[in-house]
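J.: Handing you this structure, nothing more for now.
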Amino acid sequence: MIPWFVWLMPAAFVALGGVFALEAVGLRRQGRAYARWPVASGRILGTRRDVELVENNDDRRDGRRHEQYDTFFGATVSYAYQVAGRDYRSTRLYAGRPVLSGSPKIAEATMAKYPPGASVSVFYNPANPAEAMLEPLNFASANLALTAAIGFGGPGLLVLLLLSQASVA
Amino acid sequence: MIAFCIVGSVFLLLALGCAQGIFHWLRKAHVTSRWPTVPGKVTSSWEVLNGERVKYDYAVNGKRYVGHQVSWGPRGGTADPTCQELAEKYPPGREVTVYYDPAHPATAVLQPRNLRNAAMSAVFTVAFGVFGVVFLAVALAHAS
């Protein structure tokens, strides 16, 4: 007989995976809806490479603290556009929060795609023109949520399956 | 097993502290959402996209004030709105409704009902509570 509390941890992982799966589905739906927003012509104001350091682990082999970091790269693209004679600015590329990558290649490709001064099509929310984006069908954020859903939900389901088999046996 | 009991009790105490946080933020939202309101205007520039704080003008009894508070609670958490999200909601020139403290009109807020902090406290209450219950259950299972 497996105690009830042993089921809690894998169940929590499955629940977390479910939350991320719902987020992934929601972001994909939003992206498709945003692609139907009206389009204004805009201009790239500038681009910036973002670097984020995330502490990885401490190496204490020689008894001293050596902090190690993972480096993540992203690109911020600033653009301006006009709706009904009013000026707006934004840095949003797609639905969801910007996704950082362990490789600088994606950030560099984004910066190369949007050189300062270039003309772009801006998809804006007719109900709130301050809300806009350049790539509504870019599902980078949704794909990250899907990865997290698989990462949490998969092992959780596997452990639940093993536990249920063990409890039957 | 005493160690499990102690760890479980500590987790339950932490859950209790977080539960107190839920009531603190709910009470704050309840009280401030009943503050009087005046129309205001966002005066910050598009530099909000680069991290500048949202700024808004409002007037109470003929005296002008500049507010910075969008919602209650500490800034900088992962659940907080990004600069982009703030600029989308409060672009320069947008007309806003400002909730001000009648006893101290310089204290004002735009989103008094934002329950983000209460929700975060609830998440930690559940997490610590679950860990506390599991540790105590393990201790009791071994004791019996």
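Convention: chains lettered A, B, ... in structure tokens order; per-chain residue numbering from 1; ligands numbered from 1 as shown.
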Which polymer residues have any atom within 10 Å of an atom of range 29-41 of chain B, counting only C-alpha atoms, with same-chain residues fewer than 6 positions away left out, as a count of residues only?
T.: 36
J.: If you run DSSP on the backbone, which residues of range 4-165 of chain A are helix (DSSP H, G or I), as a PyMOL selection string?
T.: chain A and resi 4-34+105-113+140-165
J.: Could you turn the residues from that selection into a file that holds C-alpha atoms, as a PDB file, in the first residue's frame?
T.:
ATOM      1  CA  TRP A   4      -1.351   8.911  -0.008  1.00  0.00           C
ATOM      2  CA  PHE A   5       1.282  11.642   0.328  1.00  0.00           C
ATOM      3  CA  VAL A   6       3.646   9.867  -2.116  1.00  0.00           C
ATOM      4  CA  TRP A   7       1.155  10.713  -4.892  1.00  0.00           C
ATOM      5  CA  LEU A   8       1.261  14.429  -4.108  1.00  0.00           C
ATOM      6  CA  MET A   9       4.568  15.352  -5.789  1.00  0.00           C
ATOM      7  CA  PRO A  10       3.911  13.703  -9.195  1.00  0.00           C
ATOM      8  CA  ALA A  11       0.338  15.041  -9.074  1.00  0.00           C
ATOM      9  CA  ALA A  12       1.738  18.545  -8.516  1.00  0.00           C
ATOM     10  CA  PHE A  13       4.063  18.088 -11.519  1.00  0.00           C
ATOM     11  CA  VAL A  14       1.117  16.993 -13.691  1.00  0.00           C
ATOM     12  CA  ALA A  15      -0.930  19.984 -12.486  1.00  0.00           C
ATOM     13  CA  LEU A  16       1.961  22.359 -13.280  1.00  0.00           C
ATOM     14  CA  GLY A  17       2.350  20.750 -16.702  1.00  0.00           C
ATOM     15  CA  GLY A  18      -1.374  21.274 -17.269  1.00  0.00           C
ATOM     16  CA  VAL A  19      -1.076  24.978 -16.396  1.00  0.00           C
ATOM     17  CA  PHE A  20       1.787  25.425 -18.887  1.00  0.00           C
ATOM     18  CA  ALA A  21      -0.149  23.468 -21.554  1.00  0.00           C
ATOM     19  CA  LEU A  22      -3.142  25.772 -21.111  1.00  0.00           C
ATOM     20  CA  GLU A  23      -0.836  28.789 -21.393  1.00  0.00           C
ATOM     21  CA  ALA A  24       0.680  27.396 -24.614  1.00  0.00           C
ATOM     22  CA  VAL A  25      -2.751  26.845 -26.161  1.00  0.00           C
ATOM     23  CA  GLY A  26      -3.892  30.322 -25.045  1.00  0.00           C
ATOM     24  CA  LEU A  27      -0.815  32.039 -26.511  1.00  0.00           C
ATOM     25  CA  ARG A  28      -1.254  30.261 -29.865  1.00  0.00           C
ATOM     26  CA  ARG A  29      -4.928  31.278 -29.990  1.00  0.00           C
ATOM     27  CA  GLN A  30      -4.021  34.862 -29.089  1.00  0.00           C
ATOM     28  CA  GLY A  31      -1.333  34.978 -31.795  1.00  0.00           C
ATOM     29  CA  ARG A  32      -3.811  33.873 -34.459  1.00  0.00           C
ATOM     30  CA  ALA A  33      -6.343  36.470 -33.241  1.00  0.00           C
ATOM     31  CA  TYR A  34      -3.676  39.227 -33.218  1.00  0.00           C
ATOM     32  CA  LYS A 105      22.172  33.656 -32.921  1.00  0.00           C
ATOM     33  CA  ILE A 106      18.414  34.245 -32.618  1.00  0.00           C
ATOM     34  CA  ALA A 107      18.954  37.681 -31.050  1.00  0.00           C
ATOM     35  CA  GLU A 108      21.433  38.620 -33.787  1.00  0.00           C
ATOM     36  CA  ALA A 109      19.050  37.402 -36.510  1.00  0.00           C
ATOM     37  CA  THR A 110      16.241  39.495 -35.003  1.00  0.00           C
ATOM     38  CA  MET A 111      18.476  42.581 -34.895  1.00  0.00           C
ATOM     39  CA  ALA A 112      19.564  42.002 -38.513  1.00  0.00           C
ATOM     40  CA  LYS A 113      15.915  41.604 -39.574  1.00  0.00           C
ATOM     41  CA  ALA A 140       8.255  31.477 -29.438  1.00  0.00           C
ATOM     42  CA  SER A 141       6.581  32.143 -26.089  1.00  0.00           C
ATOM     43  CA  ALA A 142       3.892  29.481 -26.713  1.00  0.00           C
ATOM     44  CA  ASN A 143       6.573  26.942 -27.679  1.00  0.00           C
ATOM     45  CA  LEU A 144       8.491  27.658 -24.457  1.00  0.00           C
ATOM     46  CA  ALA A 145       5.290  27.083 -22.446  1.00  0.00           C
ATOM     47  CA  LEU A 146       4.731  23.833 -24.368  1.00  0.00           C
ATOM     48  CA  THR A 147       8.298  22.701 -23.538  1.00  0.00           C
ATOM     49  CA  ALA A 148       7.657  23.446 -19.860  1.00  0.00           C
ATOM     50  CA  ALA A 149       4.346  21.537 -20.066  1.00  0.00           C
ATOM     51  CA  ILE A 150       6.145  18.466 -21.419  1.00  0.00           C
ATOM     52  CA  GLY A 151       9.047  18.909 -18.973  1.00  0.00           C
ATOM     53  CA  PHE A 152       6.791  18.959 -15.915  1.00  0.00           C
ATOM     54  CA  GLY A 153       3.785  16.935 -17.069  1.00  0.00           C
ATOM     55  CA  GLY A 154       5.745  14.089 -18.738  1.00  0.00           C
ATOM     56  CA  PRO A 155       7.795  12.945 -15.718  1.00  0.00           C
ATOM     57  CA  GLY A 156       4.783  13.539 -13.432  1.00  0.00           C
ATOM     58  CA  LEU A 157       2.577  11.290 -15.566  1.00  0.00           C
ATOM     59  CA  LEU A 158       5.322   8.656 -15.786  1.00  0.00           C
ATOM     60  CA  VAL A 159       5.745   8.530 -11.992  1.00  0.00           C
ATOM     61  CA  LEU A 160       1.950   8.406 -11.494  1.00  0.00           C
ATOM     62  CA  LEU A 161       1.787   5.509 -13.952  1.00  0.00           C
ATOM     63  CA  LEU A 162       4.590   3.643 -12.149  1.00  0.00           C
ATOM     64  CA  LEU A 163       2.954   4.289  -8.771  1.00  0.00           C
ATOM     65  CA  SER A 164      -0.428   3.035  -9.979  1.00  0.00           C
ATOM     66  CA  GLN A 165       1.209  -0.134 -11.343  1.00  0.00           C
TER      67      GLN A 165
END
J.: Need the shell around range 4-7 of chain B: protein/DNA/RNA residues with any atom at most 10 Å away, counting only C-alpha atoms. Skip same-chain ones fewer than 4 positions apart. Format as a count of residues only?
T.: 13
J.: Could the residues of chain A within 7 Å of chain B, counting only C-alpha atoms, be given as a list of chain:residue names, please?
T.: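 Output check: A:Phe5, A:Arg89, A:Ser90, A:Thr91, A:Arg92, A:Ala130, A:Glu131.
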J.: List every residue of chain A that DSSP, applied to the backbone, labels as strand (DSSP E or B), and write the result as a PyMOL selection string.
T.: chain A and resi 39-59+66-83+86-90+101+119-125+128-133
J.: Keeping only C-alpha atoms, write the selected residues to a file as a PDB file, in the first residue's frame.
T.:
ATOM      1  CA  VAL A  39      -2.063  47.001 -39.737  1.00  0.00           C
ATOM      2  CA  ALA A  40      -0.310  50.380 -39.542  1.00  0.00           C
ATOM      3  CA  SER A  41       2.953  51.302 -41.146  1.00  0.00           C
ATOM      4  CA  GLY A  42       5.770  51.758 -38.653  1.00  0.00           C
ATOM      5  CA  ARG A  43       9.476  52.544 -38.442  1.00  0.00           C
ATOM      6  CA  ILE A  44      12.250  50.819 -36.509  1.00  0.00           C
ATOM      7  CA  LEU A  45      13.779  53.225 -33.987  1.00  0.00           C
ATOM      8  CA  GLY A  46      16.561  50.961 -32.806  1.00  0.00           C
ATOM      9  CA  THR A  47      17.548  47.541 -31.569  1.00  0.00           C
ATOM     10  CA  ARG A  48      19.316  46.411 -28.419  1.00  0.00           C
ATOM     11  CA  ARG A  49      20.912  43.120 -27.478  1.00  0.00           C
ATOM     12  CA  ASP A  50      19.839  41.977 -24.012  1.00  0.00           C
ATOM     13  CA  VAL A  51      22.106  39.742 -21.982  1.00  0.00           C
ATOM     14  CA  GLU A  52      20.872  38.044 -18.831  1.00  0.00           C
ATOM     15  CA  LEU A  53      23.142  36.133 -16.463  1.00  0.00           C
ATOM     16  CA  VAL A  54      21.512  33.365 -14.452  1.00  0.00           C
ATOM     17  CA  GLU A  55      23.467  31.833 -11.581  1.00  0.00           C
ATOM     18  CA  ASN A  56      24.072  28.165 -12.327  1.00  0.00           C
ATOM     19  CA  ASN A  57      25.986  26.602  -9.445  1.00  0.00           C
ATOM     20  CA  ASP A  58      28.905  27.139  -7.123  1.00  0.00           C
ATOM     21  CA  ASP A  59      32.196  25.372  -7.649  1.00  0.00           C
ATOM     22  CA  HIS A  66      33.233  30.516  -7.598  1.00  0.00           C
ATOM     23  CA  GLU A  67      29.914  31.580  -8.951  1.00  0.00           C
ATOM     24  CA  GLN A  68      29.100  30.252 -12.391  1.00  0.00           C
ATOM     25  CA  TYR A  69      26.558  31.794 -14.685  1.00  0.00           C
ATOM     26  CA  ASP A  70      24.583  30.740 -17.737  1.00  0.00           C
ATOM     27  CA  THR A  71      24.259  33.515 -20.293  1.00  0.00           C
ATOM     28  CA  PHE A  72      20.973  34.105 -22.096  1.00  0.00           C
ATOM     29  CA  PHE A  73      20.508  36.429 -25.061  1.00  0.00           C
ATOM     30  CA  GLY A  74      17.542  38.364 -26.385  1.00  0.00           C
ATOM     31  CA  ALA A  75      16.866  41.328 -28.650  1.00  0.00           C
ATOM     32  CA  THR A  76      14.715  44.384 -27.980  1.00  0.00           C
ATOM     33  CA  VAL A  77      13.358  46.045 -31.114  1.00  0.00           C
ATOM     34  CA  SER A  78      11.899  49.537 -30.626  1.00  0.00           C
ATOM     35  CA  TYR A  79       9.478  50.801 -33.226  1.00  0.00           C
ATOM     36  CA  ALA A  80       7.142  53.749 -33.734  1.00  0.00           C
ATOM     37  CA  TYR A  81       3.805  53.907 -35.532  1.00  0.00           C
ATOM     38  CA  GLN A  82       0.803  56.175 -35.872  1.00  0.00           C
ATOM     39  CA  VAL A  83      -2.887  55.383 -35.410  1.00  0.00           C
ATOM     40  CA  ARG A  86      -1.423  59.737 -32.563  1.00  0.00           C
ATOM     41  CA  ASP A  87       2.138  58.543 -32.099  1.00  0.00           C
ATOM     42  CA  TYR A  88       2.790  55.214 -30.398  1.00  0.00           C
ATOM     43  CA  ARG A  89       5.876  53.197 -29.564  1.00  0.00           C
ATOM     44  CA  SER A  90       6.354  49.579 -28.648  1.00  0.00           C
ATOM     45  CA  SER A 101      18.030  31.893 -25.802  1.00  0.00           C
ATOM     46  CA  SER A 119       9.696  50.331 -42.492  1.00  0.00           C
ATOM     47  CA  VAL A 120       7.592  47.616 -40.850  1.00  0.00           C
ATOM     48  CA  SER A 121       3.975  46.491 -40.682  1.00  0.00           C
ATOM     49  CA  VAL A 122       2.609  46.916 -37.175  1.00  0.00           C
ATOM     50  CA  PHE A 123      -0.419  44.884 -36.051  1.00  0.00           C
ATOM     51  CA  TYR A 124      -2.279  47.020 -33.488  1.00  0.00           C
ATOM     52  CA  ASN A 125      -5.257  46.451 -31.228  1.00  0.00           C
ATOM     53  CA  ASN A 128      -6.130  49.976 -27.528  1.00  0.00           C
ATOM     54  CA  PRO A 129      -3.677  51.117 -30.220  1.00  0.00           C
ATOM     55  CA  ALA A 130      -0.850  51.212 -27.625  1.00  0.00           C
ATOM     56  CA  GLU A 131      -0.957  47.410 -27.790  1.00  0.00           C
ATOM     57  CA  ALA A 132       0.829  46.263 -30.931  1.00  0.00           C
ATOM     58  CA  MET A 133       3.257  43.695 -32.297  1.00  0.00           C
TER      59      MET A 133
END
J.: Provide the CA of Ala84 in chain A to CA of His68 in chain B distance in Å, to one decimal place.
T.: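 Distance reported for this atom pair: 28.1 Å.
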J.: How many Å separate CA of Ser103 in chain A from CA of Gly51 in chain B?
T.: 25.0 Å
J.: Between CA of Glu135 in chain A and CA of Gly96 in chain A, measure the distance and give it in Å to one decimal.
T.: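 CA of Glu135 in chain A sits 11.5 Å away from CA of Gly96 in chain A.
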